file structure_15.txt (compact mmCIF, C-alpha atoms)
# COMPACT_ATOMS: atom_id res chain seq x y z
CA MET A 629 -17.11 11.93 -0.48
CA GLN A 630 -15.03 9.60 1.66
CA THR A 631 -15.46 10.26 5.37
CA PHE A 632 -13.08 7.73 6.96
CA TRP A 633 -10.88 10.64 8.14
CA PHE A 634 -13.72 12.56 9.83
CA ALA A 635 -13.80 10.80 13.23
CA PRO A 636 -10.00 11.05 13.80
CA PHE A 637 -10.18 14.69 12.68
CA LEU A 638 -12.87 15.49 15.29
CA GLY A 639 -10.84 13.60 17.90
CA ALA A 640 -7.74 15.67 17.12
CA ILE A 641 -9.71 18.93 17.30
CA LEU A 642 -11.15 17.89 20.68
CA ILE A 643 -7.68 17.03 21.99
CA LEU A 644 -6.32 20.43 20.94
CA CYS A 645 -9.34 22.27 22.40
CA CYS A 646 -8.92 20.45 25.72
CA LEU A 647 -5.16 21.21 25.66
CA LEU A 648 -4.29 17.53 26.16
CA VAL A 649 -1.40 18.32 23.83
CA ASP A 650 0.26 21.71 23.59
CA PRO A 651 -0.56 23.15 20.11
CA LYS A 652 2.99 24.53 20.02
CA THR A 653 4.37 20.98 20.44
CA VAL A 654 2.20 19.80 17.54
CA GLY A 655 3.35 22.69 15.36
CA GLU A 656 7.00 22.00 16.11
CA ALA A 657 6.55 18.27 15.38
CA LEU A 658 4.91 19.02 12.02
CA ILE A 659 7.85 21.11 10.81
CA ALA A 660 10.63 19.12 12.51
CA ASP A 661 13.31 17.69 10.25
CA SER A 662 12.80 14.11 11.40
CA GLY A 663 11.58 10.79 10.03
CA VAL A 664 8.38 10.99 12.10
CA ASN A 665 7.27 14.22 10.38
CA PRO A 666 3.90 13.34 8.78
CA LEU A 667 4.16 16.14 6.21
CA GLU A 668 7.38 14.71 4.77
CA ILE A 669 5.85 11.24 4.67
CA LEU A 670 2.77 12.60 2.88
CA CYS A 671 4.97 14.36 0.31
CA LEU A 672 6.79 11.10 -0.41
CA PHE A 673 3.66 8.98 -0.69
CA ILE A 674 1.46 11.41 -2.65
CA SER A 675 4.29 12.17 -5.10
CA MET A 676 4.78 8.47 -5.85
CA VAL A 677 1.02 7.95 -6.13
CA PHE A 678 0.70 10.87 -8.57
CA ILE A 679 3.25 9.30 -10.92
CA SER A 680 1.35 5.99 -10.73
CA ILE A 681 -2.00 7.68 -11.38
CA VAL A 682 -0.67 9.44 -14.48
CA LEU A 683 0.56 6.09 -15.82
CA ASP A 684 -2.88 4.64 -15.14
CA GLU A 685 -4.66 7.56 -16.84
CA VAL A 686 -2.71 7.03 -20.09
CA GLY A 687 -3.71 3.35 -20.02
CA PHE A 688 -0.37 1.74 -19.09
CA PHE A 689 -1.82 -0.72 -16.57
CA LYS A 690 -4.79 -1.63 -18.80
CA VAL A 691 -2.51 -2.33 -21.76
CA LEU A 692 -0.41 -4.69 -19.62
CA ALA A 693 -3.51 -6.42 -18.24
CA SER A 694 -4.95 -6.84 -21.73
CA TYR A 695 -1.65 -8.32 -22.92
CA ALA A 696 -1.69 -10.82 -20.03
CA VAL A 697 -5.24 -11.91 -20.91
CA LYS A 698 -4.27 -12.46 -24.56
CA LYS A 699 -1.26 -14.57 -23.60
CA ALA A 700 -3.39 -16.81 -21.38
CA LYS A 701 -5.55 -17.87 -24.39
CA ASP A 702 -8.13 -20.36 -23.07
CA SER A 703 -6.41 -21.34 -19.79
CA GLN A 704 -7.69 -19.85 -16.54
CA TYR A 705 -4.65 -21.24 -14.74
CA LEU A 706 -2.32 -19.25 -17.00
CA LEU A 707 -4.51 -16.16 -16.68
CA PHE A 708 -4.49 -16.49 -12.88
CA ILE A 709 -0.68 -16.78 -12.85
CA PHE A 710 -0.18 -13.92 -15.35
CA LEU A 711 -2.49 -11.50 -13.53
CA TYR A 712 -1.05 -12.38 -10.12
CA THR A 713 2.49 -11.82 -11.43
CA LEU A 714 1.56 -8.56 -13.18
CA VAL A 715 -0.19 -7.12 -10.11
CA SER A 716 2.73 -8.17 -7.89
CA VAL A 717 5.37 -6.55 -10.09
CA LEU A 718 3.41 -3.32 -10.58
CA THR A 719 2.64 -3.09 -6.85
CA ILE A 720 6.35 -3.31 -6.01
CA PHE A 721 7.15 -0.23 -8.07
CA THR A 722 3.98 1.82 -7.71
CA SER A 723 1.38 1.60 -4.93
CA ASN A 724 -0.92 -1.14 -3.67
CA ASP A 725 -3.93 1.19 -3.44
CA ILE A 726 -3.58 2.40 -7.04
CA ILE A 727 -3.24 -1.16 -8.34
CA VAL A 728 -6.39 -2.28 -6.47
CA ILE A 729 -8.41 0.69 -7.75
CA THR A 730 -7.15 0.19 -11.32
CA PHE A 731 -7.29 -3.57 -11.77
CA THR A 732 -10.55 -4.32 -9.92
CA PRO A 733 -12.88 -2.74 -12.54
CA PHE A 734 -10.82 -4.33 -15.36
CA ILE A 735 -11.14 -7.81 -13.81
CA ILE A 736 -14.88 -7.37 -13.20
CA PHE A 737 -15.48 -6.24 -16.80
CA PHE A 738 -13.40 -9.06 -18.29
CA CYS A 739 -14.98 -11.80 -16.14
CA LYS A 740 -18.53 -10.62 -16.88
CA ASN A 741 -17.86 -10.72 -20.61
CA SER A 742 -16.15 -14.11 -20.34
CA LYS A 743 -18.91 -15.45 -18.06
CA ILE A 744 -16.42 -16.83 -15.53
CA ASN A 745 -16.25 -16.55 -11.74
CA PRO A 746 -14.47 -13.24 -10.93
CA LEU A 747 -13.70 -14.07 -7.27
CA PRO A 748 -10.43 -16.00 -7.84
CA TYR A 749 -8.98 -13.05 -9.76
CA LEU A 750 -10.35 -10.36 -7.44
CA ILE A 751 -9.10 -12.08 -4.28
CA SER A 752 -5.77 -12.86 -5.97
CA GLU A 753 -5.34 -9.25 -7.10
CA PHE A 754 -6.09 -7.87 -3.63
CA VAL A 755 -3.80 -10.35 -1.85
CA ALA A 756 -0.95 -9.81 -4.33
CA ALA A 757 -1.21 -6.02 -4.05
CA ASN A 758 -1.02 -6.15 -0.25
CA THR A 759 1.69 -8.81 -0.06
CA TRP A 760 4.28 -7.60 -2.56
CA SER A 761 3.81 -4.02 -1.33
CA MET A 762 6.16 -5.07 1.51
CA LEU A 763 9.21 -5.39 -0.76
CA LEU A 764 10.01 -1.68 -1.22
CA ILE A 765 9.65 1.08 1.32
CA ILE A 766 7.47 3.07 -1.12
CA GLY A 767 4.93 0.22 -1.60
CA ASN A 768 2.63 1.22 1.25
CA PRO A 769 2.22 4.38 3.40
CA THR A 770 2.71 2.19 6.49
CA ASN A 771 6.14 1.09 5.19
CA ILE A 772 7.05 4.73 4.60
CA PHE A 773 5.88 5.87 8.02
CA LEU A 774 7.65 3.19 10.06
CA GLY A 775 10.74 3.18 7.83
CA GLU A 776 11.15 6.95 7.79
CA THR A 777 10.46 7.26 11.53
CA PHE A 778 13.50 5.10 12.27
CA THR A 779 15.59 6.45 9.35
CA ILE A 780 15.72 3.13 7.50
CA ASP A 781 17.15 3.76 4.04
CA PHE A 782 15.85 2.28 0.78
CA ALA A 783 18.63 -0.30 0.34
CA SER A 784 18.66 -1.52 3.97
CA TYR A 785 14.90 -1.97 3.86
CA ILE A 786 15.09 -4.30 0.83
CA GLN A 787 17.94 -6.23 2.44
CA TYR A 788 15.76 -7.31 5.36
CA MET A 789 12.36 -7.47 3.65
CA ALA A 790 13.23 -9.45 0.49
CA ILE A 791 13.04 -12.93 2.08
CA PRO A 792 9.84 -12.24 4.13
CA THR A 793 8.11 -10.84 1.03
CA VAL A 794 9.05 -13.84 -1.14
CA PHE A 795 7.93 -16.25 1.60
CA ALA A 796 4.64 -14.36 1.96
CA GLY A 797 4.09 -14.23 -1.81
CA LEU A 798 4.72 -17.94 -2.37
CA THR A 799 2.58 -18.96 0.61
CA SER A 800 -0.43 -16.82 -0.31
CA PHE A 801 -0.22 -17.82 -3.98
CA GLY A 802 -0.09 -21.54 -3.13
CA ILE A 803 -3.09 -21.26 -0.80
CA MET A 804 -5.15 -19.40 -3.41
CA LEU A 805 -4.36 -22.03 -6.06
CA LEU A 806 -5.73 -24.68 -3.70
CA ILE A 807 -8.84 -22.64 -2.82
CA PHE A 808 -9.75 -21.75 -6.42
CA ASN A 809 -8.54 -24.91 -8.15
CA LYS A 810 -12.07 -26.00 -9.15
CA SER A 811 -13.05 -22.60 -10.65
CA LEU A 812 -9.80 -22.32 -12.62
CA LYS A 813 -10.38 -25.63 -14.43
CA VAL A 814 -13.10 -24.05 -16.60
CA LYS A 815 -11.85 -23.05 -20.07
CA LEU A 816 -11.86 -19.42 -21.18
CA GLN A 817 -14.02 -18.45 -24.14
CA CYS A 818 -13.71 -14.77 -24.95
CA GLU A 819 -12.30 -12.16 -27.28
CA VAL A 820 -10.06 -9.50 -25.79
CA GLU A 821 -10.63 -5.94 -26.97
CA GLU A 822 -7.60 -3.99 -28.15
CA VAL A 823 -6.47 -1.46 -25.52
CA LYS A 824 -4.30 1.42 -26.70
CA MET A 825 -2.16 3.94 -24.86
CA GLU A 826 -4.00 7.24 -24.47
CA ASP A 827 -0.98 9.51 -24.92
CA LYS A 828 2.55 8.32 -25.68
CA PRO A 829 4.49 11.51 -24.72
CA ILE A 830 2.92 11.58 -21.23
CA PHE A 831 3.41 7.82 -20.91
CA ILE A 832 7.14 8.07 -21.79
CA VAL A 833 7.78 11.01 -19.44
CA SER A 834 5.85 9.47 -16.53
CA LEU A 835 7.50 6.04 -16.95
CA ILE A 836 10.97 7.63 -17.09
CA SER A 837 10.05 9.70 -14.00
CA LEU A 838 9.05 6.55 -12.10
CA ILE A 839 12.21 4.63 -13.09
CA CYS A 840 14.57 7.52 -12.32
CA CYS A 841 12.80 8.27 -9.03
CA ILE A 842 13.12 4.65 -7.85
CA ILE A 843 16.80 4.56 -8.84
CA LEU A 844 17.54 7.77 -6.91
CA LEU A 845 15.56 6.51 -3.93
CA ALA A 846 17.65 3.34 -3.99
CA VAL A 847 20.91 5.32 -3.83
CA SER A 848 19.63 8.01 -1.45
CA GLN A 849 21.73 6.48 1.34
CA TRP A 850 24.86 7.49 -0.54
CA THR A 851 23.65 10.78 -2.06
CA HIS A 852 22.42 11.95 1.40
CA ILE A 853 19.26 13.40 -0.18
CA GLN A 854 16.13 12.62 1.82
CA MET A 855 13.65 10.32 0.08
CA TRP A 856 10.73 12.72 0.40
CA ILE A 857 12.73 15.43 -1.41
CA ILE A 858 13.58 13.07 -4.30
CA ALA A 859 9.97 11.89 -4.71
CA SER A 860 8.59 15.44 -4.39
CA CYS A 861 10.92 16.76 -7.09
CA PHE A 862 9.83 14.09 -9.56
CA GLY A 863 6.16 14.46 -8.61
CA ILE A 864 6.20 18.25 -9.00
CA ALA A 865 8.18 18.06 -12.28
CA LEU A 866 5.69 15.59 -13.75
CA PHE A 867 2.77 17.70 -12.47
CA ILE A 868 4.14 20.78 -14.26
CA PHE A 869 4.87 18.82 -17.46
CA VAL A 870 1.39 17.23 -17.64
CA LEU A 871 -0.28 20.59 -16.86
CA ILE A 872 1.60 22.47 -19.62
CA TYR A 873 1.27 19.61 -22.11
CA THR A 874 -2.47 19.16 -21.59
CA CYS A 875 -3.10 22.92 -21.70
CA ILE A 876 -1.42 23.00 -25.11
CA ASN A 877 -3.28 19.85 -26.22
CA LYS A 878 -6.68 20.73 -24.76
CA LYS A 879 -8.24 17.42 -25.85
CA LYS A 880 -5.91 15.66 -23.38
CA PHE A 881 -6.69 17.93 -20.42
CA ASN A 882 -8.79 15.19 -18.78
CA ILE A 883 -5.57 13.25 -18.11
CA PHE A 884 -4.33 16.08 -15.89
CA LYS A 885 -7.73 16.71 -14.32
CA ASN A 886 -8.34 13.04 -13.47
CA SER A 887 -4.79 12.56 -12.16
CA VAL A 888 -5.22 15.44 -9.71
CA THR A 889 -8.76 14.54 -8.58
CA ARG A 890 -7.73 10.92 -7.91
CA LEU A 891 -4.95 11.90 -5.50
CA PRO A 892 -5.55 10.46 -1.98
CA ILE A 893 -5.98 13.89 -0.40
CA ASN A 894 -8.14 12.36 2.37
CA LEU A 895 -4.97 10.80 3.78
CA ILE A 896 -3.73 14.27 4.79
CA PRO A 897 -6.34 14.95 7.54
CA LEU A 898 -6.27 11.26 8.55
CA LEU A 899 -2.50 11.09 9.00
CA ILE A 900 -2.17 14.46 10.75
CA SER A 901 -5.19 13.80 13.01
CA MET A 902 -3.86 10.39 14.04
CA PHE A 903 -0.45 11.99 14.62
CA ILE A 904 -2.06 14.39 17.12
CA ILE A 905 -4.03 11.57 18.80
CA VAL A 906 -0.86 9.46 19.18
CA LEU A 907 0.95 12.50 20.63
CA ALA A 908 -1.82 12.76 23.22
CA LEU A 909 -1.57 9.05 24.04
CA ASN A 910 2.15 9.51 24.47
CA GLU A 911 1.66 12.52 26.76
CA CYS A 912 -0.76 10.49 28.92
CA GLY A 913 1.70 7.58 29.19
CA VAL A 914 -0.49 5.10 27.29
CA THR A 915 2.12 4.27 24.65
CA LYS A 916 4.72 3.57 27.33
CA LYS A 917 2.32 1.14 29.03
CA LEU A 918 1.75 -0.57 25.66
CA PHE A 919 5.51 -0.83 25.16
CA GLU A 920 5.89 -2.50 28.57
CA PHE A 921 3.02 -4.86 27.73
CA LEU A 922 4.67 -5.87 24.42
CA ASN A 923 8.16 -6.22 25.86
CA PHE A 924 8.61 -9.98 25.34
CA ASP A 925 11.68 -11.94 24.23
CA GLN A 926 10.17 -12.95 20.87
CA LEU A 927 9.95 -9.47 19.35
CA ILE A 928 9.30 -10.58 15.78
CA LEU A 929 6.35 -12.78 16.71
CA THR A 930 5.00 -10.34 19.31
CA TYR A 931 5.10 -7.20 17.14
CA GLY A 932 4.18 -9.01 13.93
CA PHE A 933 1.08 -10.66 15.38
CA THR A 934 -0.13 -7.72 17.50
CA SER A 935 0.35 -5.17 14.70
CA PHE A 936 -1.63 -7.50 12.41
CA LEU A 937 -4.53 -7.64 14.90
CA THR A 938 -4.35 -3.94 15.85
CA ALA A 939 -4.54 -2.88 12.19
CA ASN A 940 -7.80 -4.77 11.88
CA PHE A 941 -9.27 -2.83 14.80
CA ILE A 942 -8.12 0.69 13.88
CA ASN A 943 -6.84 0.37 10.26
CA ASN A 944 -3.18 -0.07 9.30
CA ILE A 945 -2.29 3.63 8.89
CA PRO A 946 -3.29 4.65 12.45
CA MET A 947 -1.70 1.41 13.65
CA SER A 948 1.65 2.32 12.08
CA GLU A 949 1.58 5.75 13.76
CA LEU A 950 0.76 4.18 17.14
CA TYR A 951 3.44 1.51 16.79
CA ALA A 952 6.04 4.08 15.70
CA THR A 953 5.57 5.80 19.06
CA ILE A 954 5.65 2.49 20.98
CA LEU A 955 8.82 1.34 19.17
CA ALA A 956 10.52 4.65 19.98
CA TYR A 957 10.79 3.50 23.64
CA PHE A 958 13.55 1.03 22.75
CA GLU A 959 16.92 2.46 23.80
CA THR A 960 18.24 1.70 20.32
CA PRO A 961 15.95 1.04 17.31
CA SER A 962 14.82 -2.58 17.40
CA LEU A 963 14.95 -3.63 13.75
CA PRO A 964 13.23 -7.01 14.33
CA ALA A 965 10.24 -5.29 15.97
CA ILE A 966 10.12 -2.52 13.32
CA TYR A 967 10.16 -4.90 10.35
CA ALA A 968 7.69 -7.27 12.04
CA SER A 969 5.30 -4.34 12.51
CA ILE A 970 5.66 -3.44 8.82
CA ILE A 971 4.83 -7.03 7.86
CA GLY A 972 1.77 -7.01 10.12
CA SER A 973 0.55 -3.70 8.66
CA ASN A 974 0.66 -5.05 5.09
CA ILE A 975 -0.78 -8.53 5.57
CA ALA A 976 -3.52 -7.16 7.87
CA ALA A 977 -5.08 -5.62 4.74
CA PHE A 978 -6.46 -8.93 3.53
CA PHE A 979 -7.61 -10.35 6.87
CA THR A 980 -10.69 -8.10 7.22
CA PRO A 981 -11.91 -5.07 5.19
CA MET A 982 -11.01 -2.85 8.18
CA GLY A 983 -7.34 -3.77 7.86
CA ALA A 984 -6.65 -1.10 5.24
CA LEU A 985 -8.45 1.66 3.36
CA ALA A 986 -7.89 -0.40 0.20
CA GLY A 987 -10.24 -3.06 1.63
CA VAL A 988 -13.07 -0.57 2.11
CA MET A 989 -12.57 0.82 -1.42
CA PHE A 990 -12.30 -2.69 -2.87
CA LEU A 991 -15.66 -3.84 -1.44
CA GLY A 992 -17.21 -0.54 -2.55
CA ILE A 993 -16.13 -1.14 -6.16
CA LEU A 994 -17.53 -4.70 -6.03
CA LYS A 995 -20.85 -3.50 -4.63
CA ASN A 996 -21.18 -0.83 -7.34
CA ASN A 997 -20.63 -3.53 -9.97
CA ASN A 998 -23.08 -6.04 -8.41
CA ILE A 999 -20.36 -8.51 -7.40
CA LYS A 1000 -21.45 -10.43 -4.30
CA LEU A 1001 -18.68 -10.54 -1.72
CA SER A 1002 -19.80 -9.74 1.82
CA ALA A 1003 -17.45 -8.51 4.52
CA MET A 1004 -17.95 -11.87 6.25
CA LYS A 1005 -16.93 -13.86 3.16
CA PHE A 1006 -14.00 -11.50 2.57
CA SER A 1007 -12.83 -12.17 6.14
CA LEU A 1008 -13.26 -15.93 5.70
CA TYR A 1009 -10.94 -15.87 2.68
CA GLY A 1010 -8.72 -13.52 4.67
CA LEU A 1011 -8.47 -15.88 7.63
CA ILE A 1012 -7.49 -18.83 5.42
CA ILE A 1013 -4.90 -16.85 3.43
CA SER A 1014 -3.53 -14.20 5.78
CA VAL A 1015 -2.70 -16.21 8.92
CA PRO A 1016 -0.36 -18.75 7.19
CA THR A 1017 1.07 -15.89 5.11
CA LEU A 1018 1.80 -13.87 8.25
CA PHE A 1019 3.66 -16.72 9.93
CA ALA A 1020 5.57 -17.54 6.72
CA SER A 1021 6.72 -13.93 6.36
CA LEU A 1022 7.68 -13.64 10.03
CA GLY A 1023 9.65 -16.87 9.59
CA GLY A 1024 11.33 -15.26 6.60
CA LEU A 1025 12.21 -12.27 8.79
CA TYR A 1026 13.84 -14.57 11.37
CA LEU A 1027 15.87 -16.05 8.50
CA SER A 1028 16.88 -12.59 7.27
CA PHE A 1029 18.32 -11.69 10.66
CA LEU A 1030 20.20 -15.00 10.82
CA ILE A 1031 21.76 -14.42 7.39
CA ILE A 1032 22.52 -10.68 7.59

call {"tool": "encode", "arguments": {"input": "structure_15.txt", "output": "structure tokens"}}
result
Amino acid sequence: MQTFWFAPFLGAILILCCLLVDPKTVGEALIADSGVNPLEILCLFISMVFISIVLDEVGFFKVLASYAVKKAKDSQYLLFIFLYTLVSVLTIFTSNDIIVITFTPFIIFFCKNSKINPLPYLISEFVAANTWSMLLIIGNPTNIFLGETFTIDFASYIQYMAIPTVFAGLTSFGIMLLIFNKSLKVKLQCEVEEVKMEDKPIFIVSLISLICCIILLAVSQWTHIQMWIIASCFGIALFIFVLIYTCINKKKFNIFKNSVTRLPINLIPLLISMFIIVLALNECGVTKKLFEFLNFDQLILTYGFTSFLTANFINNIPMSELYATILAYFETPSLPAIYASIIGSNIAAFFTPMGALAGVMFLGILKNNNIKLSAMKFSLYGLIISVPTLFASLGGLYLSFLII
């Protein structure tokens, strides 16, 4: 049982019991038709994650990974490039957390059988998943929270975040090639096992659901349908389809069962609890003081760097909720500060394990598989890769605002 949500949950209960926030105010905020509504954000994120999990359960990601390994033949350089590219592309359209959870065991298994150093591929996978997750608003719950809070639509988000994401991706990839150059020179000597799709009907329906959902999210600005409604409709429709299909084909019922049990339900108490805590901070005037403290001329650098550091103290999801409240003090939404905070929340994930929940899960998977990577060593790699990547992406954001 994961307990990362327990401390914020107790804090929220204590706040409500001490009446630091009016329970009526919390109730109204939870049902308000606004971008800051955590329930709408949860519906959007969990629906997209469910579609990704179903695709994973039928073996879609494993088939692609196996294909990449075959194409690399005996070259670790090619394998490194193929896996980095595959993880990056899948992260853009699914979810960084799902990709980390899915690909980490695959990489460990493959490297053990090939008797090669797994660290270049594991670090590369984690960095790619938390870099390219910036490109679309659905790539990370922090993107969703900050984007939805300030009613940034799908298309506008890509317009500003495309250049920073490409800059970040190229920078981090170049640094990792330099770091792992020696390990990647060793030739591969292995046979790749054939990986087959578990169930083609579910695969086809879930892939079509993902594609159609992303297309409708992209045009939501013009259809005037809120993104959480679009994602929820596709998530619920796929849920019903998989349930009925697996009940009829009882041998496949594990696909439905595993897809439901893997949902990140723990995010619900975490997000709502942090929402209440941030409301209390706002009521006490703390967030206004933080806004005044951060009110410098160089908004991109200030918010990008401080959000990056803050996420590594309190995790990037609570950080995004706190910064959403701070950013709300601008008379008109400050897009440079908002996008810089989104960049900081993503890249913070590979600075220290505390930067994101994915980091904690990632190290847990490695420990269970006897892969030696301490939190200290993780942070050393993180320092070398994340700091240049952060500045490159913030530079890309400056360029975006000059062009647009």

call {"tool": "residues_around", "arguments": {"input": "structure_15.txt", "residues": "Asn809 in chain A", "least_positions_apart": "4", "cutoff": "12 Å", "atoms": "all atoms listed in the file", "output": "list of chain:residue names"}}
result
A:Gln704, A:Tyr705, A:Phe708, A:Asn745, A:Pro748, A:Tyr749, A:Phe801, A:Gly802, A:Ile803, A:Met804, A:Leu805, A:Lys813, A:Val814

call {"tool": "closest_residue", "arguments": {"input": "structure_15.txt", "among": "A:Ile954, A:Ile681, A:Ala1003, A:Ile669", "to": "Val728 in chain A", "atoms": "only C-alpha atoms"}}
result
A:Ile681

call {"tool": "residues_around", "arguments": {"input": "structure_15.txt", "residues": "range 962-971 of chain A", "least_positions_apart": "6", "cutoff": "9 Å", "atoms": "all atoms listed in the file", "output": "ChimeraX atom specification"}}
result
/A:759,762,770-771,774-775,778,785,788-789,792-793,927-936,948,951-952,955-956,1018,1021-1022,1025-1026,1029

call {"tool": "atom_distance", "arguments": {"input": "structure_15.txt", "atom1": "CA of Ile1031 in chain A", "atom2": "CA of Glu776 in chain A"}}
result
23.9 Å

call {"tool": "residues_around", "arguments": {"input": "structure_15.txt", "residues": "Ala846 in chain A", "least_positions_apart": "3", "cutoff": "12 Å", "atoms": "all atoms listed in the file", "output": "VMD selection string"}}
result
chain A and resid 721 764 to 766 780 to 787 839 to 843 849 to 855 858 to 859

call {"tool": "residues_around", "arguments": {"input": "structure_15.txt", "residues": "Lys815 in chain A", "least_positions_apart": "2", "cutoff": "10 Å", "atoms": "all atoms listed in the file", "output": "PDB file with C-alpha atoms, in the frame of the given file"}}
result
ATOM      1  CA  LYS A 701      -5.550 -17.870 -24.390  1.00  0.00           C
ATOM      2  CA  ASP A 702      -8.130 -20.360 -23.070  1.00  0.00           C
ATOM      3  CA  SER A 703      -6.410 -21.340 -19.790  1.00  0.00           C
ATOM      4  CA  GLN A 704      -7.690 -19.850 -16.540  1.00  0.00           C
ATOM      5  CA  TYR A 705      -4.650 -21.240 -14.740  1.00  0.00           C
ATOM      6  CA  SER A 742     -16.150 -14.110 -20.340  1.00  0.00           C
ATOM      7  CA  ILE A 744     -16.420 -16.830 -15.530  1.00  0.00           C
ATOM      8  CA  SER A 811     -13.050 -22.600 -10.650  1.00  0.00           C
ATOM      9  CA  LEU A 812      -9.800 -22.320 -12.620  1.00  0.00           C
ATOM     10  CA  LYS A 813     -10.380 -25.630 -14.430  1.00  0.00           C
ATOM     11  CA  GLN A 817     -14.020 -18.450 -24.140  1.00  0.00           C
ATOM     12  CA  CYS A 818     -13.710 -14.770 -24.950  1.00  0.00           C
TER      13      CYS A 818
END

call {"tool": "decode", "arguments": {"input": "structure_15.txt", "residues": "range 670-684 of chain A", "atoms": "N, CA and C atoms", "output": "mmCIF file, in the first residue's frame"}}
result
data_model
loop_
_atom_site.group_PDB
_atom_site.id
_atom_site.type_symbol
_atom_site.label_atom_id
_atom_site.label_comp_id
_atom_site.auth_asym_id
_atom_site.auth_seq_id
_atom_site.Cartn_x
_atom_site.Cartn_y
_atom_site.Cartn_z
ATOM 1 N N LEU A 670 -8.764 15.475 -11.899
ATOM 2 C CA LEU A 670 -8.607 14.051 -11.650
ATOM 3 C C LEU A 670 -9.328 13.213 -12.699
ATOM 4 N N CYS A 671 -10.520 13.651 -13.090
ATOM 5 C CA CYS A 671 -11.275 12.937 -14.134
ATOM 6 C C CYS A 671 -10.489 12.902 -15.438
ATOM 7 N N LEU A 672 -9.901 14.025 -15.792
ATOM 8 C CA LEU A 672 -9.112 14.113 -17.027
ATOM 9 C C LEU A 672 -7.896 13.196 -16.953
ATOM 10 N N PHE A 673 -7.144 13.289 -15.875
ATOM 11 C CA PHE A 673 -5.908 12.522 -15.772
ATOM 12 C C PHE A 673 -6.165 11.021 -15.658
ATOM 13 N N ILE A 674 -7.072 10.616 -14.776
ATOM 14 C CA ILE A 674 -7.326 9.191 -14.561
ATOM 15 C C ILE A 674 -7.934 8.543 -15.800
ATOM 16 N N SER A 675 -8.760 9.280 -16.536
ATOM 17 C CA SER A 675 -9.337 8.739 -17.774
ATOM 18 C C SER A 675 -8.250 8.464 -18.804
ATOM 19 N N MET A 676 -7.317 9.408 -18.970
ATOM 20 C CA MET A 676 -6.224 9.217 -19.917
ATOM 21 C C MET A 676 -5.302 8.077 -19.468
ATOM 22 N N VAL A 677 -5.067 7.988 -18.166
ATOM 23 C CA VAL A 677 -4.217 6.921 -17.632
ATOM 24 C C VAL A 677 -4.866 5.556 -17.842
ATOM 25 N N PHE A 678 -6.189 5.483 -17.665
ATOM 26 C CA PHE A 678 -6.888 4.204 -17.849
ATOM 27 C C PHE A 678 -6.715 3.686 -19.278
ATOM 28 N N ILE A 679 -6.853 4.571 -20.251
ATOM 29 C CA ILE A 679 -6.664 4.168 -21.655
ATOM 30 C C ILE A 679 -5.243 3.646 -21.856
ATOM 31 N N SER A 680 -4.255 4.331 -21.267
ATOM 32 C CA SER A 680 -2.854 3.913 -21.394
ATOM 33 C C SER A 680 -2.607 2.565 -20.725
ATOM 34 N N ILE A 681 -3.221 2.351 -19.557
ATOM 35 C CA ILE A 681 -3.043 1.094 -18.835
ATOM 36 C C ILE A 681 -3.611 -0.075 -19.629
ATOM 37 N N VAL A 682 -4.776 0.121 -20.224
ATOM 38 C CA VAL A 682 -5.385 -0.944 -21.037
ATOM 39 C C VAL A 682 -4.456 -1.311 -22.189
ATOM 40 N N LEU A 683 -3.893 -0.309 -22.849
ATOM 41 C CA LEU A 683 -2.935 -0.570 -23.934
ATOM 42 C C LEU A 683 -1.727 -1.355 -23.413
ATOM 43 N N ASP A 684 -1.287 -1.017 -22.213
ATOM 44 C CA ASP A 684 -0.158 -1.735 -21.623
ATOM 45 C C ASP A 684 -0.539 -3.175 -21.296
#
